[in-house]
>>> print(open('run_0.csv').read())   # CSV, C-alpha atoms and all ligand atoms
chain,number,residue,atom,x,y,z
A,775,MET,CA,20.1,5.9,-7.2
A,776,SER,CA,18.6,5.1,-3.8
A,777,VAL,CA,17.6,1.5,-3.0
A,778,PHE,CA,14.1,2.9,-2.4
A,779,THR,CA,13.7,4.2,-5.9
A,780,PRO,CA,12.1,2.0,-8.5
A,781,LYS,CA,13.7,1.8,-11.8
A,782,LEU,CA,10.3,2.3,-13.4
A,783,CYS,CA,6.8,3.2,-12.3
A,784,LEU,CA,3.8,2.0,-14.2
A,785,ASP,CA,0.1,2.0,-13.6
A,786,LYS,CA,-0.4,-1.8,-13.8
A,787,VAL,CA,1.4,-5.0,-14.5
A,788,THR,CA,-0.2,-5.3,-18.0
A,789,ASP,CA,1.6,-2.1,-19.1
A,790,ILE,CA,4.8,-4.2,-19.3
A,791,THR,CA,5.6,-5.1,-22.8
A,792,PRO,CA,8.2,-7.6,-24.3
A,793,GLU,CA,9.8,-4.6,-26.0
A,794,LEU,CA,10.3,-2.7,-22.8
A,795,LEU,CA,11.8,-5.8,-21.1
A,796,ARG,CA,14.1,-6.6,-24.1
A,797,ARG,CA,15.3,-3.0,-24.3
A,798,ASN,CA,16.5,-3.4,-20.7
A,799,GLY,CA,18.1,-6.8,-21.1
A,800,ILE,CA,15.4,-8.6,-19.1
A,801,LYS,CA,14.7,-12.3,-19.6
A,802,GLY,CA,12.8,-13.2,-16.4
A,803,ILE,CA,10.1,-11.7,-14.3
A,804,VAL,CA,9.5,-12.0,-10.6
A,805,LEU,CA,5.9,-11.2,-9.7
A,806,ASP,CA,4.3,-10.1,-6.5
A,807,VAL,CA,0.8,-11.4,-5.9
A,808,ASP,CA,-1.2,-9.2,-3.5
A,809,ASN,CA,-2.2,-5.9,-5.2
A,810,THR,CA,0.0,-6.6,-8.2
A,811,LEU,CA,-1.7,-9.6,-9.9
A,812,THR,CA,-4.9,-9.5,-8.0
A,813,LEU,CA,-6.6,-7.9,-5.0
A,814,HIS,CA,-5.2,-8.6,-1.5
A,815,GLY,CA,-6.0,-12.2,-0.5
A,816,SER,CA,-8.1,-12.9,-3.7
A,817,GLN,CA,-7.8,-15.9,-5.9
A,818,GLU,CA,-9.5,-14.1,-8.8
A,819,VAL,CA,-7.5,-12.8,-11.7
A,820,LYS,CA,-8.8,-10.4,-14.3
A,821,GLN,CA,-8.9,-11.6,-17.9
A,822,GLU,CA,-6.5,-8.9,-19.0
A,823,VAL,CA,-3.9,-10.1,-16.4
A,824,LEU,CA,-4.4,-13.7,-17.6
A,825,ASP,CA,-3.9,-12.6,-21.2
A,826,TRP,CA,-0.8,-10.6,-20.2
A,827,LEU,CA,0.7,-13.7,-18.5
A,828,ALA,CA,0.1,-15.8,-21.6
A,829,TRP,CA,1.6,-13.2,-23.8
A,830,MET,CA,4.8,-13.0,-21.7
A,831,LYS,CA,5.1,-16.8,-21.7
A,832,GLU,CA,4.6,-16.9,-25.5
A,833,GLU,CA,7.3,-14.3,-25.9
A,834,GLY,CA,9.7,-16.6,-24.0
A,835,PHE,CA,10.0,-14.7,-20.7
A,836,LEU,CA,10.5,-16.8,-17.5
A,837,LEU,CA,8.0,-16.1,-14.8
A,838,THR,CA,7.8,-16.8,-11.1
A,839,ILE,CA,5.9,-15.5,-8.2
A,840,VAL,CA,7.7,-14.3,-5.1
A,841,SER,CA,5.2,-13.5,-2.4
A,842,ASN,CA,5.6,-12.7,1.3
A,843,ASN,CA,2.2,-14.3,1.9
A,844,TYR,CA,1.8,-17.9,3.2
A,845,GLU,CA,2.0,-21.1,1.3
A,846,LYS,CA,-1.7,-21.8,1.6
A,847,ARG,CA,-2.5,-18.5,0.0
A,848,VAL,CA,0.1,-18.5,-2.7
A,849,ARG,CA,0.2,-22.2,-3.9
A,850,PRO,CA,-3.4,-22.5,-5.2
A,851,PHE,CA,-3.0,-19.1,-6.8
A,852,ALA,CA,0.2,-20.0,-8.6
A,853,GLN,CA,-1.1,-23.4,-9.6
A,854,ARG,CA,-4.2,-22.0,-11.2
A,855,LEU,CA,-2.0,-19.6,-13.3
A,856,ASP,CA,0.5,-22.4,-14.0
A,857,LEU,CA,3.3,-20.3,-12.5
A,858,GLU,CA,6.3,-21.2,-10.4
A,859,TYR,CA,6.3,-19.7,-6.9
A,860,VAL,CA,8.2,-18.9,-3.8
A,861,SER,CA,5.9,-18.3,-0.8
A,862,PHE,CA,7.0,-16.6,2.5
A,863,GLY,CA,9.6,-14.8,0.4
A,864,CYS,CA,10.7,-12.5,3.3
A,865,LYS,CA,11.0,-9.5,1.0
A,866,PRO,CA,12.8,-7.1,1.3
A,867,MET,CA,15.3,-9.8,2.2
A,868,THR,CA,16.7,-11.3,-0.9
A,869,LYS,CA,16.1,-15.0,-0.2
A,870,GLY,CA,13.2,-15.3,-2.6
A,871,PHE,CA,14.9,-13.3,-5.3
A,872,THR,CA,18.1,-15.5,-5.0
A,873,GLN,CA,15.8,-18.6,-5.5
A,874,ALA,CA,14.4,-17.0,-8.6
A,875,CYS,CA,17.8,-16.4,-10.1
A,876,LYS,CA,18.7,-20.1,-9.5
A,877,LYS,CA,15.4,-21.3,-10.9
A,878,PHE,CA,15.8,-19.2,-14.0
A,879,SER,CA,19.6,-19.7,-14.3
A,880,LEU,CA,19.8,-15.9,-14.9
A,881,GLN,CA,21.8,-13.1,-13.4
A,882,ALA,CA,19.9,-10.7,-11.1
A,883,LYS,CA,20.3,-7.9,-13.7
A,884,GLU,CA,18.4,-10.0,-16.3
A,885,ILE,CA,15.4,-10.2,-14.0
A,886,ALA,CA,12.6,-7.6,-13.4
A,887,VAL,CA,10.8,-7.5,-10.1
A,888,VAL,CA,7.2,-6.3,-10.3
A,889,GLY,CA,5.4,-5.2,-7.2
A,890,ASP,CA,3.3,-2.6,-5.5
A,891,GLN,CA,5.3,-1.9,-2.4
A,892,ILE,CA,8.6,0.1,-2.1
A,893,TYR,CA,9.6,-1.4,1.3
A,894,THR,CA,9.4,-5.0,0.2
A,895,ASP,CA,9.3,-5.5,-3.6
A,896,ILE,CA,11.4,-2.5,-4.7
A,897,LEU,CA,13.9,-2.4,-1.8
A,898,GLY,CA,14.5,-6.2,-2.1
A,899,GLY,CA,14.9,-6.1,-5.9
A,900,ASN,CA,17.2,-3.2,-5.8
A,901,LEU,CA,19.4,-4.8,-3.1
A,902,LYS,CA,19.6,-7.9,-5.3
A,903,GLY,CA,20.5,-5.8,-8.3
A,904,MET,CA,17.4,-6.5,-10.3
A,905,PHE,CA,15.3,-4.2,-12.5
A,906,THR,CA,12.5,-2.9,-10.3
A,907,ILE,CA,9.1,-2.0,-11.5
A,908,LEU,CA,6.6,-0.4,-9.2
A,909,VAL,CA,2.9,-0.7,-10.1
A,910,VAL,CA,-0.1,1.1,-8.5
A,911,PRO,CA,-1.8,-1.2,-6.0
A,912,PHE,CA,-5.3,-2.4,-7.0
A,913,GLU,CA,-6.8,-1.1,-3.8
A,914,LEU,CA,-5.4,0.8,-0.8
A,915,GLU,CA,-5.3,-1.3,2.3
A,916,THR,CA,-6.9,-0.2,5.5
A,917,GLY,CA,-5.1,-0.2,8.8
A,918,TRP,CA,-2.6,2.3,10.2
A,919,THR,CA,0.6,0.4,9.3
A,920,PHE,CA,-0.3,0.3,5.7
A,921,ARG,CA,-1.4,3.9,5.7
A,922,LEU,CA,2.0,4.9,7.3
A,923,LYS,CA,3.9,2.9,4.8
A,924,ARG,CA,2.0,4.3,1.8
A,925,SER,CA,2.6,7.9,3.0
A,926,LEU,CA,6.4,7.2,3.4
A,927,GLU,CA,6.5,5.7,0.0
A,928,LYS,CA,5.3,9.0,-1.5
A,929,ILE,CA,8.6,10.5,-0.4
A,930,HIS,CA,10.5,8.0,-2.6
A,931,LEU,CA,8.1,8.4,-5.4
A,932,ARG,CA,8.7,12.2,-5.5
A,933,LYS,CA,12.4,11.4,-5.9
A,934,TYR,CA,11.6,9.1,-8.8
A,935,HIS,CA,9.5,11.7,-10.6
A,936,ARG,CA,12.1,14.4,-10.0
A,937,LEU,CA,14.8,12.1,-11.5
A,938,HIS,CA,12.7,11.3,-14.5
A,939,LYS,CA,11.7,14.9,-15.2
A,940,GLU,CA,15.4,15.8,-15.4
A,941,HIS,CA,16.0,13.2,-18.2
B,1001,MG,MG,1.9,-6.6,-2.9
>>> encode(input="run_0.csv", output="structure tokens")
Amino acid sequence: MSVFTPKLCLDKVTDITPELLRRNGIKGIVLDVDNTLTLHGSQEVKQEVLDWLAWMKEEGFLLTIVSNNYEKRVRPFAQRLDLEYVSFGCKPMTKGFTQACKKFSLQAKEIAVVGDQIYTDILGGNLKGMFTILVVPFELETGWTFRLKRSLEKIHLRKYHRLHKEH
């Protein structure tokens, strides 16, 4: 499978269940922030996301944020949710994901990466050998670089849907 292809595509982070993770041998979750847990740049988190985080913790999954955003954006967010974090994670480079493996004392294949972008979250997670889950972004960013990226992502998503239709 291509490094650009997510292992799984879901609508939102709260669609992830303990059963789905256990079935795939997952014990830890690496979470993106912007457009995965909340709106881009926002400190607000929906109640259903808070409930989901509490549920995952209760079920014994290890959680950490790995964000490409800056320390001053990520730290207060992570602290409010009582989550560990890596800021300036440089995704798709695997630095932040390697830190997550060490933090959890888990192998890469026992960790799921959840994010809304193929060229950072999914590519980095796949390169590291993690279980990658793409979610639909909360809102589409404006600006031509994002628009270009999103239209390129569609090519990889077509591949994903083709693969999954065959099975
Ligand atoms: Mg994101």
>>> closest_residue(input="run_0.csv", among="A:Val860, A:Leu937, A:Leu782, A:Leu824", to="A:Lys877", atoms="all atoms listed in the file")
A:Val860
>>> closest_residue(input="run_0.csv", among="A:His930, A:Arg921, A:Arg797, A:Lys902", to="A:Val887", atoms="all atoms listed in the file")
A:Lys902
>>> residues_near_ligand(input="run_0.csv", ligand="ligand MG 1001 (chain B)", cutoff="6 Å", atoms="only C-alpha atoms and all ligand atoms", output="ChimeraX atom specification")
/A:806-810,889-891
>>> residues_around(input="run_0.csv", residues="stretch 843-848 of chain A", least_positions_apart="4", cutoff="12 Å", atoms="only C-alpha atoms", output="PDB file with C-alpha atoms, in the coordinates of the input")
ATOM      1  CA  LEU A 805       5.900 -11.200  -9.700  1.00  0.00           C
ATOM      2  CA  ASP A 806       4.300 -10.100  -6.500  1.00  0.00           C
ATOM      3  CA  VAL A 807       0.800 -11.400  -5.900  1.00  0.00           C
ATOM      4  CA  ASP A 808      -1.200  -9.200  -3.500  1.00  0.00           C
ATOM      5  CA  ASN A 809      -2.200  -5.900  -5.200  1.00  0.00           C
ATOM      6  CA  LEU A 811      -1.700  -9.600  -9.900  1.00  0.00           C
ATOM      7  CA  THR A 812      -4.900  -9.500  -8.000  1.00  0.00           C
ATOM      8  CA  HIS A 814      -5.200  -8.600  -1.500  1.00  0.00           C
ATOM      9  CA  GLY A 815      -6.000 -12.200  -0.500  1.00  0.00           C
ATOM     10  CA  SER A 816      -8.100 -12.900  -3.700  1.00  0.00           C
ATOM     11  CA  GLN A 817      -7.800 -15.900  -5.900  1.00  0.00           C
ATOM     12  CA  THR A 838       7.800 -16.800 -11.100  1.00  0.00           C
ATOM     13  CA  ILE A 839       5.900 -15.500  -8.200  1.00  0.00           C
ATOM     14  CA  ALA A 852       0.200 -20.000  -8.600  1.00  0.00           C
ATOM     15  CA  GLN A 853      -1.100 -23.400  -9.600  1.00  0.00           C
ATOM     16  CA  ARG A 854      -4.200 -22.000 -11.200  1.00  0.00           C
ATOM     17  CA  LEU A 855      -2.000 -19.600 -13.300  1.00  0.00           C
ATOM     18  CA  ASP A 856       0.500 -22.400 -14.000  1.00  0.00           C
ATOM     19  CA  LEU A 857       3.300 -20.300 -12.500  1.00  0.00           C
ATOM     20  CA  GLU A 858       6.300 -21.200 -10.400  1.00  0.00           C
ATOM     21  CA  TYR A 859       6.300 -19.700  -6.900  1.00  0.00           C
ATOM     22  CA  VAL A 860       8.200 -18.900  -3.800  1.00  0.00           C
ATOM     23  CA  SER A 861       5.900 -18.300  -0.800  1.00  0.00           C
ATOM     24  CA  PHE A 862       7.000 -16.600   2.500  1.00  0.00           C
ATOM     25  CA  GLY A 863       9.600 -14.800   0.400  1.00  0.00           C
ATOM     26  CA  CYS A 864      10.700 -12.500   3.300  1.00  0.00           C
ATOM     27  CA  LYS A 865      11.000  -9.500   1.000  1.00  0.00           C
ATOM     28  CA  GLY A 870      13.200 -15.300  -2.600  1.00  0.00           C
ATOM     29  CA  THR A 894       9.400  -5.000   0.200  1.00  0.00           C
TER      30      THR A 894
END
>>> atom_distance(input="run_0.csv", atom1="atom CA of A:Val840", atom2="atom CA of A:Lys883")
16.5 Å
>>> residues_around(input="run_0.csv", residues="A:Arg932", least_positions_apart="4", cutoff="12 Å", atoms="only C-alpha atoms", output="list in words")
Phe778, Thr779, Pro780, Cys783, Ser925, Leu926, Glu927, Lys928, Arg936, Leu937, His938 and Lys939 of chain A
>>> build_atoms(input="run_0.csv", residues="stretch 841-852 of chain A", atoms="all heavy atoms", output="PDB file, in the frame of the given file")
ATOM      1  N   SER A 841       6.208 -14.172  -3.242  1.00  0.00           N
ATOM      2  CA  SER A 841       5.200 -13.500  -2.400  1.00  0.00           C
ATOM      3  C   SER A 841       5.666 -13.625  -0.921  1.00  0.00           C
ATOM      4  O   SER A 841       6.257 -14.633  -0.528  1.00  0.00           O
ATOM      5  CB  SER A 841       3.854 -14.103  -2.556  1.00  0.00           C
ATOM      6  OG  SER A 841       2.959 -13.613  -1.579  1.00  0.00           O
ATOM      7  N   ASN A 842       5.350 -12.626  -0.138  1.00  0.00           N
ATOM      8  CA  ASN A 842       5.600 -12.700   1.300  1.00  0.00           C
ATOM      9  C   ASN A 842       4.454 -13.456   2.007  1.00  0.00           C
ATOM     10  O   ASN A 842       4.548 -13.751   3.185  1.00  0.00           O
ATOM     11  CB  ASN A 842       5.721 -11.328   1.924  1.00  0.00           C
ATOM     12  CG  ASN A 842       7.115 -10.762   1.729  1.00  0.00           C
ATOM     13  OD1 ASN A 842       7.995 -11.431   1.204  1.00  0.00           O
ATOM     14  ND2 ASN A 842       7.316  -9.524   2.159  1.00  0.00           N
ATOM     15  N   ASN A 843       3.394 -13.715   1.270  1.00  0.00           N
ATOM     16  CA  ASN A 843       2.200 -14.300   1.900  1.00  0.00           C
ATOM     17  C   ASN A 843       2.493 -15.850   2.091  1.00  0.00           C
ATOM     18  O   ASN A 843       3.480 -16.399   1.615  1.00  0.00           O
ATOM     19  CB  ASN A 843       1.002 -14.119   0.995  1.00  0.00           C
ATOM     20  CG  ASN A 843      -0.243 -13.881   1.823  1.00  0.00           C
ATOM     21  OD1 ASN A 843      -0.416 -14.493   2.876  1.00  0.00           O
ATOM     22  ND2 ASN A 843      -1.109 -13.007   1.352  1.00  0.00           N
ATOM     23  N   TYR A 844       1.575 -16.486   2.816  1.00  0.00           N
ATOM     24  CA  TYR A 844       1.800 -17.900   3.200  1.00  0.00           C
ATOM     25  C   TYR A 844       1.529 -18.853   2.059  1.00  0.00           C
ATOM     26  O   TYR A 844       0.807 -18.566   1.122  1.00  0.00           O
ATOM     27  CB  TYR A 844       0.813 -18.229   4.350  1.00  0.00           C
ATOM     28  CG  TYR A 844       1.061 -17.391   5.561  1.00  0.00           C
ATOM     29  CD1 TYR A 844       0.187 -16.357   5.912  1.00  0.00           C
ATOM     30  CD2 TYR A 844       2.198 -17.601   6.356  1.00  0.00           C
ATOM     31  CE1 TYR A 844       0.429 -15.563   7.023  1.00  0.00           C
ATOM     32  CE2 TYR A 844       2.437 -16.811   7.462  1.00  0.00           C
ATOM     33  CZ  TYR A 844       1.549 -15.795   7.788  1.00  0.00           C
ATOM     34  OH  TYR A 844       1.800 -15.009   8.874  1.00  0.00           O
ATOM     35  N   GLU A 845       2.150 -20.025   2.226  1.00  0.00           N
ATOM     36  CA  GLU A 845       2.000 -21.100   1.300  1.00  0.00           C
ATOM     37  C   GLU A 845       0.551 -21.396   0.894  1.00  0.00           C
ATOM     38  O   GLU A 845       0.228 -21.531  -0.281  1.00  0.00           O
ATOM     39  CB  GLU A 845       2.656 -22.382   1.920  1.00  0.00           C
ATOM     40  CG  GLU A 845       2.503 -23.678   1.162  1.00  0.00           C
ATOM     41  CD  GLU A 845       3.521 -23.864   0.040  1.00  0.00           C
ATOM     42  OE1 GLU A 845       4.501 -23.086  -0.036  1.00  0.00           O
ATOM     43  OE2 GLU A 845       3.313 -24.784  -0.771  1.00  0.00           O
ATOM     44  N   LYS A 846      -0.320 -21.437   1.905  1.00  0.00           N
ATOM     45  CA  LYS A 846      -1.700 -21.800   1.600  1.00  0.00           C
ATOM     46  C   LYS A 846      -2.459 -20.716   0.807  1.00  0.00           C
ATOM     47  O   LYS A 846      -3.461 -20.983   0.171  1.00  0.00           O
ATOM     48  CB  LYS A 846      -2.478 -22.205   2.847  1.00  0.00           C
ATOM     49  CG  LYS A 846      -2.842 -21.114   3.821  1.00  0.00           C
ATOM     50  CD  LYS A 846      -3.782 -21.734   4.874  1.00  0.00           C
ATOM     51  CE  LYS A 846      -4.524 -20.715   5.693  1.00  0.00           C
ATOM     52  NZ  LYS A 846      -3.759 -19.913   6.614  1.00  0.00           N
ATOM     53  N   ARG A 847      -1.948 -19.495   0.807  1.00  0.00           N
ATOM     54  CA  ARG A 847      -2.500 -18.500   0.000  1.00  0.00           C
ATOM     55  C   ARG A 847      -1.906 -18.494  -1.430  1.00  0.00           C
ATOM     56  O   ARG A 847      -2.576 -18.359  -2.445  1.00  0.00           O
ATOM     57  CB  ARG A 847      -2.281 -17.075   0.623  1.00  0.00           C
ATOM     58  CG  ARG A 847      -3.009 -15.902  -0.075  1.00  0.00           C
ATOM     59  CD  ARG A 847      -2.187 -15.295  -1.174  1.00  0.00           C
ATOM     60  NE  ARG A 847      -2.790 -14.112  -1.766  1.00  0.00           N
ATOM     61  CZ  ARG A 847      -3.613 -14.111  -2.802  1.00  0.00           C
ATOM     62  NH1 ARG A 847      -3.982 -15.251  -3.362  1.00  0.00           N
ATOM     63  NH2 ARG A 847      -4.062 -12.986  -3.305  1.00  0.00           N
ATOM     64  N   VAL A 848      -0.594 -18.692  -1.472  1.00  0.00           N
ATOM     65  CA  VAL A 848       0.100 -18.500  -2.700  1.00  0.00           C
ATOM     66  C   VAL A 848       0.047 -19.779  -3.640  1.00  0.00           C
ATOM     67  O   VAL A 848      -0.122 -19.646  -4.843  1.00  0.00           O
ATOM     68  CB  VAL A 848       1.629 -18.179  -2.461  1.00  0.00           C
ATOM     69  CG1 VAL A 848       2.376 -17.979  -3.759  1.00  0.00           C
ATOM     70  CG2 VAL A 848       1.720 -16.929  -1.592  1.00  0.00           C
ATOM     71  N   ARG A 849       0.135 -20.986  -3.032  1.00  0.00           N
ATOM     72  CA  ARG A 849       0.200 -22.200  -3.900  1.00  0.00           C
ATOM     73  C   ARG A 849      -1.013 -22.355  -4.801  1.00  0.00           C
ATOM     74  O   ARG A 849      -0.830 -22.495  -6.022  1.00  0.00           O
ATOM     75  CB  ARG A 849       0.381 -23.469  -3.020  1.00  0.00           C
ATOM     76  CG  ARG A 849       0.589 -24.686  -3.912  1.00  0.00           C
ATOM     77  CD  ARG A 849       0.848 -26.027  -3.258  1.00  0.00           C
ATOM     78  NE  ARG A 849       0.792 -26.068  -1.836  1.00  0.00           N
ATOM     79  CZ  ARG A 849      -0.276 -26.481  -1.131  1.00  0.00           C
ATOM     80  NH1 ARG A 849      -1.362 -26.886  -1.738  1.00  0.00           N
ATOM     81  NH2 ARG A 849      -0.232 -26.495   0.180  1.00  0.00           N
ATOM     82  N   PRO A 850      -2.254 -22.323  -4.265  1.00  0.00           N
ATOM     83  CA  PRO A 850      -3.400 -22.500  -5.200  1.00  0.00           C
ATOM     84  C   PRO A 850      -3.444 -21.417  -6.264  1.00  0.00           C
ATOM     85  O   PRO A 850      -3.802 -21.684  -7.415  1.00  0.00           O
ATOM     86  CB  PRO A 850      -4.626 -22.418  -4.282  1.00  0.00           C
ATOM     87  CG  PRO A 850      -4.151 -21.946  -2.968  1.00  0.00           C
ATOM     88  CD  PRO A 850      -2.683 -22.165  -2.879  1.00  0.00           C
ATOM     89  N   PHE A 851      -3.052 -20.220  -5.899  1.00  0.00           N
ATOM     90  CA  PHE A 851      -3.000 -19.100  -6.800  1.00  0.00           C
ATOM     91  C   PHE A 851      -2.049 -19.380  -7.970  1.00  0.00           C
ATOM     92  O   PHE A 851      -2.382 -19.284  -9.155  1.00  0.00           O
ATOM     93  CB  PHE A 851      -2.682 -17.816  -6.087  1.00  0.00           C
ATOM     94  CG  PHE A 851      -2.757 -16.590  -6.939  1.00  0.00           C
ATOM     95  CD1 PHE A 851      -3.970 -15.955  -7.147  1.00  0.00           C
ATOM     96  CD2 PHE A 851      -1.622 -16.066  -7.548  1.00  0.00           C
ATOM     97  CE1 PHE A 851      -4.050 -14.828  -7.943  1.00  0.00           C
ATOM     98  CE2 PHE A 851      -1.689 -14.947  -8.350  1.00  0.00           C
ATOM     99  CZ  PHE A 851      -2.910 -14.324  -8.550  1.00  0.00           C
ATOM    100  N   ALA A 852      -0.831 -19.750  -7.599  1.00  0.00           N
ATOM    101  CA  ALA A 852       0.200 -20.000  -8.600  1.00  0.00           C
ATOM    102  C   ALA A 852      -0.149 -21.205  -9.469  1.00  0.00           C
ATOM    103  O   ALA A 852       0.066 -21.175 -10.684  1.00  0.00           O
ATOM    104  CB  ALA A 852       1.546 -20.274  -7.863  1.00  0.00           C
TER     105      ALA A 852
END
